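Visitor: My questions all concern the structure below.
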Amino acid sequence: MKYVDEFRNRRLIERVAGQIRGAVNPDCAYNIMEVCGTHTMSIFRFGLRDILPPNIRLISGPGCPVCVTPNEFIDKAMAIANMKNVIIMTFGDMIKVPGSRSSLEKEKAGGADVRIAYSSLDALELAKKHPDKEIVFLGIGFETTAPTVAQSLIIAKKTKLKNYSVLCGHKTMPEVMETLVKDGSIKVDAFMLPGHVSAIIGLKPYGFLSKIYKKRCVISGFEPLDIMQSILMIVRQRKPEIEVQYGRIIERDGNPLAQKCMNDIFEKFPSVWRGIGCVKDSGFKIKKSYGVFDAELKFRPRIERPKDNIRCFCGYILKGTKTPYDCPSFAGRCTPENPVGACMVSGEGTCAAYYKYGKDTVSSR
Amino acid sequence: MEKILLAHGSGGMLMHKLIDSLFIERFGGSVLKEKKDSAIIRMGGKEVAFTTDSYVVDPVFFPGGDIGSLALYGTVNDLSVCGAKPLFISLAMIIEEGLDRDALEKIASSIKNAARAAGVEIVTGDTKVVERGSCDKIFINTSGIGEIYYPGLSVDRIRPGDSIILSGTMGEHAISVLSKREGISFLSKVKSDSAPLNGLIFRVLKASKMVKFMRDPTRGGVATTLNEIAAGGNFGIAIDESSLPVAPGVRSACELLGFDPLYLACEGRVIMVVRRGDEGKILRAMKRDPIGKSACVIGKVIAQGRGKVYLNTASGGKRIVSMLTGEQLPRIC
C-alpha cells in the first residue's frame, strides 16, 4: 500500500536503528515523551522498543483523548443518556470508559440509547432522520477532532437543525504540555510531538517548549519508520528546537481553514484532565453564539460529585510518572474487558497498549 | 444488578468467561467440556459430529453473501474442521413482523444454493414470526450432523516444530459486513469470504495424514483462534507478520478504521496445524480449491512461551498477540 509499505520497510527501519545506535552517547540517558496515544500504540504494535538502544527511554504522554476525559464528563454524558428521547452518539472507545459509578456501555444495557459514530457528521445525519429525538454528540479529542465537530455545528446552524447538540469535552495540546514540563515530577528531555494535532495548529504553539524550557522537539508521523526517524532527529538535535519529521503532512502554519472553524465555534476554557487536574486554557467550550447547540446548556445534566478510583493509576500514567506495571490494578482487576481506568479502554491508551502488546515481551523501561 | 453487555457476545475473553461460569459449570458433561467446534459423539459404533450456531448478522445482505448462505456455511464449516463430512442440517428462522416477502424469498433461495454447493440436505426446520422490534428482520439457527472420516484431530497432538497454515486472506467477511452496515461505500468492493470449507478440507485430508488440528477463525479472527489453540498447551505459537495474507481492500480498511486484520472475522477460512514436512502437499491441495488460492504457512509451533502467541513484526520487532478483548464489532455473523 502506497505511503504505508515504504514506512514499514524492515531494511530501512533497521538502518535507522543502526544510525540511532551510532548517534547516541552511551553515557547519556534520553528521556523522550511520545505525546500522542497513536504513537504509543505504533511503538508497541511494531515492537520498536526492542530495536532501540537501552538508554533511550520512551515515556507515554497525555495524548489519548479518551483517557484524559475526566469522570465528570462521562457522568454528565450518562445523565443526558438517561433523559427521555435522547440518543447519544460517540466515538467507540468512550462507550466502555468507566465514570464515577457506571459506564455508557452499562447504561446502554439498561436501556439508554447510545450509538457509535465514526464522525460528528454521522450524528448530523441521524438528527435529520429522527426529528422527534434529541441527538447529542460527545465532542472529545484534541485539535484533530475539534474542527470536524465545529463544522457539524456550523452545518446544524445553517440547516436550522434544532435536535442536534454537542457535549463539549475538547481539549488542546500545548497548554497541558507546559503544565507537565513545569510540574517537574517527570524528567523529559525531548518530545515526540503529535503529527495530526500539528497538522491543524502548525509549529508556533509549541515554540515555548524549545525556547523557554530547552526541550528538543520533533513533530512525528505514526508509521514505524516515522517514529524511528524522529528519535534519530531528537538524538542528533544539537540545540533545542521544533523540527518536523512528518513533512509530508505538516505545514508550518498548520491548517488555517480548520483553525478558523475552531475559533468561530469554540473559546478557550479551563479544562479538567484526568490525573492532571484543571489546566488553564486547555479546553474548548462552545461560544455563546452557538449556545443552542451546547448540550450542557440544553439539558443541564445534574450529577453527583464525581469520584475517582484510588486503585487506578491512570493519573500518574498520563503524566508519565508511573508505567502501567506500577499500578496495583493493571492486568489483574483492570483488563480491557473489565476496565477500572480509561487508559485500559481506549485503543490509544497506554495501559491498553501495554496489556495488548506488552505483557511479557517488553521490559518496563 | 449486573447486566449482560454486548461485549459478552463478542467472541473474546468476556464471552469465554460467561460460557464457562454460567453454562459449562451447570451442564457441562465430558463432551461439552471439550469445547470443540462440534461435539464428537458415538452412535451405533460410528463417530458423529454435531453442532449448532445462530446467525444475527446486520445487515442481512452484504457484499459476497447474506444471512442465509452464512448460516448454512457456518455450520458446515464447524463440522468440517472436526474431520467430519457434513450431511444433515436443521434450519430455524425467527422472522420480524413486516419483513419483505422478497427478502425472505431471496434468503431462502440463497440457503438452497448454499446447501447444494456444500452437498448437504436440510432435513428439519422451524419458523416463528415475532412482533416488530422483537428481533431485527431475521435471525437464523442451524444445526448440523456429520460423519467423522478423519478421527483424532486434537490439540493434544500439537508439538513444537509443527507448522501453522492459513487457507486464505484474513478479514474480508468482517470488512464487507461493516462497509455495508456503516455505508462506507469505497470499501464495498471487499466481498465476504463466506464459503463452505468441506471440499477444501476433504482434499487436504486426502493428501496428508499429518494434519493434527483445525479451526475456522470466525469471531475474534486469526489472533483469537491461535490463542484458543495455544491456551493450556505445552507450547507457544510464533507467526510472521510478513507472511500473513491480507487482501488490499482489507488492509486499506484496517489502516483507515484502526482495525488489526488479525482480529477480523473470516467465514470461509481454516487454520491447520500440521507436522513439519507436509506443508507443500497440503498447500498444493488447498490451492486446487478456488477459496484456497492464497493459502500459506503463517508461522510455527514453538517450545518457548507456553500458551502464548507471538508475532514477529514486519519491521523487525516482536510482540505478543492476545485474544480479542471485547472490541466493538457486534453482529458480524
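Labels used: A, B, ... for chains in the order of the C-alpha cells, numbers from 1 for residues in each chain, and numbers from 1 for ligands as shown.
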Going by DSSP on the backbone, which bits of region 93-311 of chain B are alpha helix (DSSP H)? Write them as a PyMOL selection string, please.

Guide: chain B and resi 101-118+172-182+198-207+221-230+248-257+279-287

Visitor: Give me the residues near region 132-146 of chain B as a CSV table (one decimal) with C-alpha atoms, in the first residue's frame, where near means some atom within 7 Å (using only C-alpha atoms) and where sequence neighbours in that chain fewer than 6 positions away do not count.

Guide:
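Heads up, here's the output in out_38.csv:
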```csv
chain,number,residue,atom,x,y,z
B,48,VAL,CA,-20.6,-38.4,14.6
B,49,ALA,CA,-20.1,-34.7,14.8
B,50,PHE,CA,-23.0,-32.5,15.9
B,51,THR,CA,-23.0,-28.7,16.1
B,52,THR,CA,-25.3,-25.7,16.3
B,53,ASP,CA,-25.0,-21.9,15.6
B,54,SER,CA,-27.2,-18.9,15.5
B,55,TYR,CA,-26.9,-16.0,13.0
B,56,VAL,CA,-27.9,-12.4,13.7
B,71,ALA,CA,-26.0,-19.7,8.3
B,72,LEU,CA,-25.6,-22.8,6.1
B,75,THR,CA,-22.5,-24.9,10.4
B,79,LEU,CA,-18.5,-29.8,11.2
B,84,ALA,CA,-16.5,-34.7,9.6
B,85,LYS,CA,-18.4,-35.0,6.3
B,86,PRO,CA,-21.4,-32.6,6.8
B,87,LEU,CA,-24.6,-34.5,6.0
B,88,PHE,CA,-27.8,-33.1,7.5
B,89,ILE,CA,-28.8,-29.6,8.5
B,90,SER,CA,-31.7,-28.2,10.6
B,91,LEU,CA,-32.9,-24.7,9.9
B,92,ALA,CA,-34.9,-22.5,12.3
B,93,MET,CA,-35.9,-19.0,11.5
B,94,ILE,CA,-37.2,-16.2,13.7
B,95,ILE,CA,-38.7,-13.5,11.5
B,96,GLU,CA,-39.6,-10.0,12.4
B,97,GLU,CA,-43.2,-8.9,11.5
B,98,GLY,CA,-43.0,-6.7,8.4
B,99,LEU,CA,-40.1,-8.3,6.7
```

Visitor: If we count only C-alpha atoms, which residues of chain A reach to within 10 Å of chain B? Please list them as number ranges by chain.

Guide: A: 1, 4-5, 7-14, 43-51, 92-93, 95-96, 105-110, 116-118, 122, 224-225, 335-338, 345, 347, 355-362

Visitor: Write out, as a compact mmCIF listing (two decimals), in the first residue's frame, the residues just selected, with C-alpha atoms.

Guide:
```
# COMPACT_ATOMS: atom_id res chain seq x y z
CA MET A 1 0.00 0.00 0.00
CA VAL A 4 2.34 2.74 4.21
CA ASP A 5 4.61 -0.05 2.98
CA PHE A 7 7.27 3.42 6.07
CA ARG A 8 7.24 -0.13 7.39
CA ASN A 9 10.20 -1.32 5.36
CA ARG A 10 12.28 -3.50 7.63
CA ARG A 11 15.59 -2.77 5.91
CA LEU A 12 15.11 0.99 6.26
CA ILE A 13 13.96 0.68 9.86
CA GLU A 14 16.98 -1.41 10.75
CA ILE A 43 5.62 1.74 19.14
CA PHE A 44 4.08 -1.36 20.70
CA ARG A 45 2.36 -2.72 17.64
CA PHE A 46 5.57 -2.72 15.64
CA GLY A 47 7.73 -3.81 18.56
CA LEU A 48 10.01 -0.76 18.28
CA ARG A 49 11.24 -0.76 21.90
CA ASP A 50 13.03 -4.00 21.12
CA ILE A 51 15.23 -2.40 18.49
CA GLY A 92 -16.49 3.85 20.03
CA ASP A 93 -13.91 3.88 22.79
CA ILE A 95 -18.65 3.71 25.49
CA LYS A 96 -16.62 1.48 27.81
CA GLU A 105 -21.96 0.60 27.93
CA LYS A 106 -23.76 -0.41 31.12
CA GLU A 107 -26.33 2.37 30.77
CA LYS A 108 -26.95 1.13 27.23
CA ALA A 109 -27.62 -2.39 28.52
CA GLY A 110 -30.01 -0.74 30.99
CA ILE A 116 -21.24 4.62 17.94
CA ALA A 117 -20.31 7.14 15.28
CA TYR A 118 -17.21 7.48 13.13
CA ASP A 122 -22.98 10.69 11.21
CA PRO A 224 7.40 2.81 12.43
CA LEU A 225 9.91 4.49 10.13
CA THR A 335 -8.32 -5.52 31.91
CA PRO A 336 -9.71 -4.28 28.59
CA GLU A 337 -12.96 -6.19 29.08
CA ASN A 338 -13.35 -5.02 32.64
CA VAL A 345 -10.15 1.24 27.47
CA GLY A 347 -7.42 1.96 21.54
CA TYR A 355 -1.76 -5.05 28.03
CA LYS A 356 -2.33 -5.92 24.41
CA TYR A 357 1.21 -5.92 23.13
CA GLY A 358 3.44 -5.74 26.17
CA LYS A 359 2.88 -8.28 28.88
CA ASP A 360 5.97 -10.41 28.94
CA THR A 361 7.69 -9.40 25.74
CA VAL A 362 8.58 -5.85 26.65
```

Visitor: Which parts of region 74-302 of chain A does DSSP call strand (DSSP E) when run on the backbone here, written out as a PDB file with C-alpha atoms, in the first residue's frame?

Guide:
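Dumped everything to result-v2.pdb:
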```
ATOM      1  CA  VAL A  86     -32.182  11.279  23.741  1.00  0.00           C
ATOM      2  CA  ILE A  87     -29.770   9.390  21.502  1.00  0.00           C
ATOM      3  CA  ILE A  88     -26.119   9.724  22.472  1.00  0.00           C
ATOM      4  CA  MET A  89     -23.601   9.373  19.652  1.00  0.00           C
ATOM      5  CA  THR A  90     -19.977   8.869  20.450  1.00  0.00           C
ATOM      6  CA  ASP A 113     -29.851   4.739  23.504  1.00  0.00           C
ATOM      7  CA  VAL A 114     -26.099   5.043  22.948  1.00  0.00           C
ATOM      8  CA  ARG A 115     -24.671   4.628  19.461  1.00  0.00           C
ATOM      9  CA  ILE A 116     -21.239   4.618  17.943  1.00  0.00           C
ATOM     10  CA  GLU A 134     -32.566  14.721  20.567  1.00  0.00           C
ATOM     11  CA  ILE A 135     -29.178  13.707  19.154  1.00  0.00           C
ATOM     12  CA  VAL A 136     -26.247  14.501  21.419  1.00  0.00           C
ATOM     13  CA  PHE A 137     -22.714  14.037  20.125  1.00  0.00           C
ATOM     14  CA  LEU A 138     -19.913  13.614  22.638  1.00  0.00           C
ATOM     15  CA  GLY A 139     -17.251  16.027  21.421  1.00  0.00           C
ATOM     16  CA  TYR A 164     -28.646  18.305  17.460  1.00  0.00           C
ATOM     17  CA  SER A 165     -26.229  19.311  20.178  1.00  0.00           C
ATOM     18  CA  VAL A 166     -22.694  18.613  21.372  1.00  0.00           C
ATOM     19  CA  LEU A 167     -21.469  17.848  24.870  1.00  0.00           C
ATOM     20  CA  CYS A 168     -18.142  19.560  24.516  1.00  0.00           C
ATOM     21  CA  ALA A 190      12.649  15.694  24.486  1.00  0.00           C
ATOM     22  CA  PHE A 191       9.203  15.456  22.971  1.00  0.00           C
ATOM     23  CA  MET A 192       7.925  13.478  20.039  1.00  0.00           C
ATOM     24  CA  LEU A 193       5.099  15.842  19.123  1.00  0.00           C
ATOM     25  CA  PRO A 194       1.737  14.705  17.766  1.00  0.00           C
ATOM     26  CA  ARG A 216      14.232  19.123  21.964  1.00  0.00           C
ATOM     27  CA  CYS A 217      11.118  18.506  19.890  1.00  0.00           C
ATOM     28  CA  VAL A 218      10.294  16.649  16.685  1.00  0.00           C
ATOM     29  CA  ILE A 219       6.819  16.514  15.160  1.00  0.00           C
ATOM     30  CA  SER A 220       6.433  12.891  14.174  1.00  0.00           C
ATOM     31  CA  ILE A 242      10.998  22.315  16.902  1.00  0.00           C
ATOM     32  CA  GLU A 243      11.772  20.119  13.902  1.00  0.00           C
ATOM     33  CA  VAL A 244       9.345  18.441  11.563  1.00  0.00           C
ATOM     34  CA  PHE A 266     -15.124  27.439  20.415  1.00  0.00           C
ATOM     35  CA  GLU A 267     -13.466  29.594  23.016  1.00  0.00           C
ATOM     36  CA  LYS A 268     -10.616  28.664  25.344  1.00  0.00           C
ATOM     37  CA  PHE A 269     -11.675  27.386  28.696  1.00  0.00           C
ATOM     38  CA  PRO A 270     -10.041  25.901  31.808  1.00  0.00           C
ATOM     39  CA  SER A 271     -10.401  22.167  31.351  1.00  0.00           C
ATOM     40  CA  VAL A 272     -10.074  19.229  33.737  1.00  0.00           C
ATOM     41  CA  TRP A 273      -7.718  16.443  32.631  1.00  0.00           C
ATOM     42  CA  GLY A 277      -6.329  18.334  37.062  1.00  0.00           C
ATOM     43  CA  CYS A 278      -7.606  21.657  35.827  1.00  0.00           C
ATOM     44  CA  VAL A 279      -5.354  23.330  33.285  1.00  0.00           C
ATOM     45  CA  LYS A 280      -5.935  26.936  32.294  1.00  0.00           C
ATOM     46  CA  ASP A 281      -6.954  27.493  28.662  1.00  0.00           C
ATOM     47  CA  SER A 282      -6.502  23.814  27.842  1.00  0.00           C
ATOM     48  CA  GLY A 283     -10.038  23.112  26.676  1.00  0.00           C
ATOM     49  CA  PHE A 284     -12.731  24.373  24.369  1.00  0.00           C
ATOM     50  CA  LYS A 285     -16.242  25.409  25.207  1.00  0.00           C
ATOM     51  CA  ILE A 286     -18.938  26.275  22.722  1.00  0.00           C
TER      52      ILE A 286
END
```

Visitor: So which residues touch Pro70 (chain A) within 12 Å, counting only C-alpha atoms, skipping near sequence neighbours fewer than 6 positions away, as number ranges by chain?

Guide: A: 76-77, 94, 97-100, 140, 169-171, 271-278, 306-309, 314-315, 318, 341-343

Visitor: Could you jot down the CA of Met286 (chain B) to CA of Ile164 (chain B) separation for me, Å, one decimal place?

Guide: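 According to the coordinates, CA of Met286 (chain B) and CA of Ile164 (chain B) are separated by 13.7 Å.
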
Visitor: Can you tell me how far CA of Arg302 (chain A) sits from CA of Ile80 (chain A), in Å to one decimal?

Guide: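 Spanning CA of Arg302 (chain A) to CA of Ile80 (chain A) is a straight-line distance of 8.8 Å.
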
Visitor: For CA of Ile271 (chain B) and CA of Ser167 (chain B), determine how far apart the two atoms are, in Å to one decimal place.

Guide: 6.5 Å

Visitor: Pick out the residues sitting within 8 Å of region 36-40 of chain A, and hand them over as an NGL selection string; count only C-alpha atoms, and ignore anything fewer than 3 positions along from it in its own chain.

Guide: :A and (43-44 or 60-64 or 193-194 or 222 or 227 or 348-350 or 353)
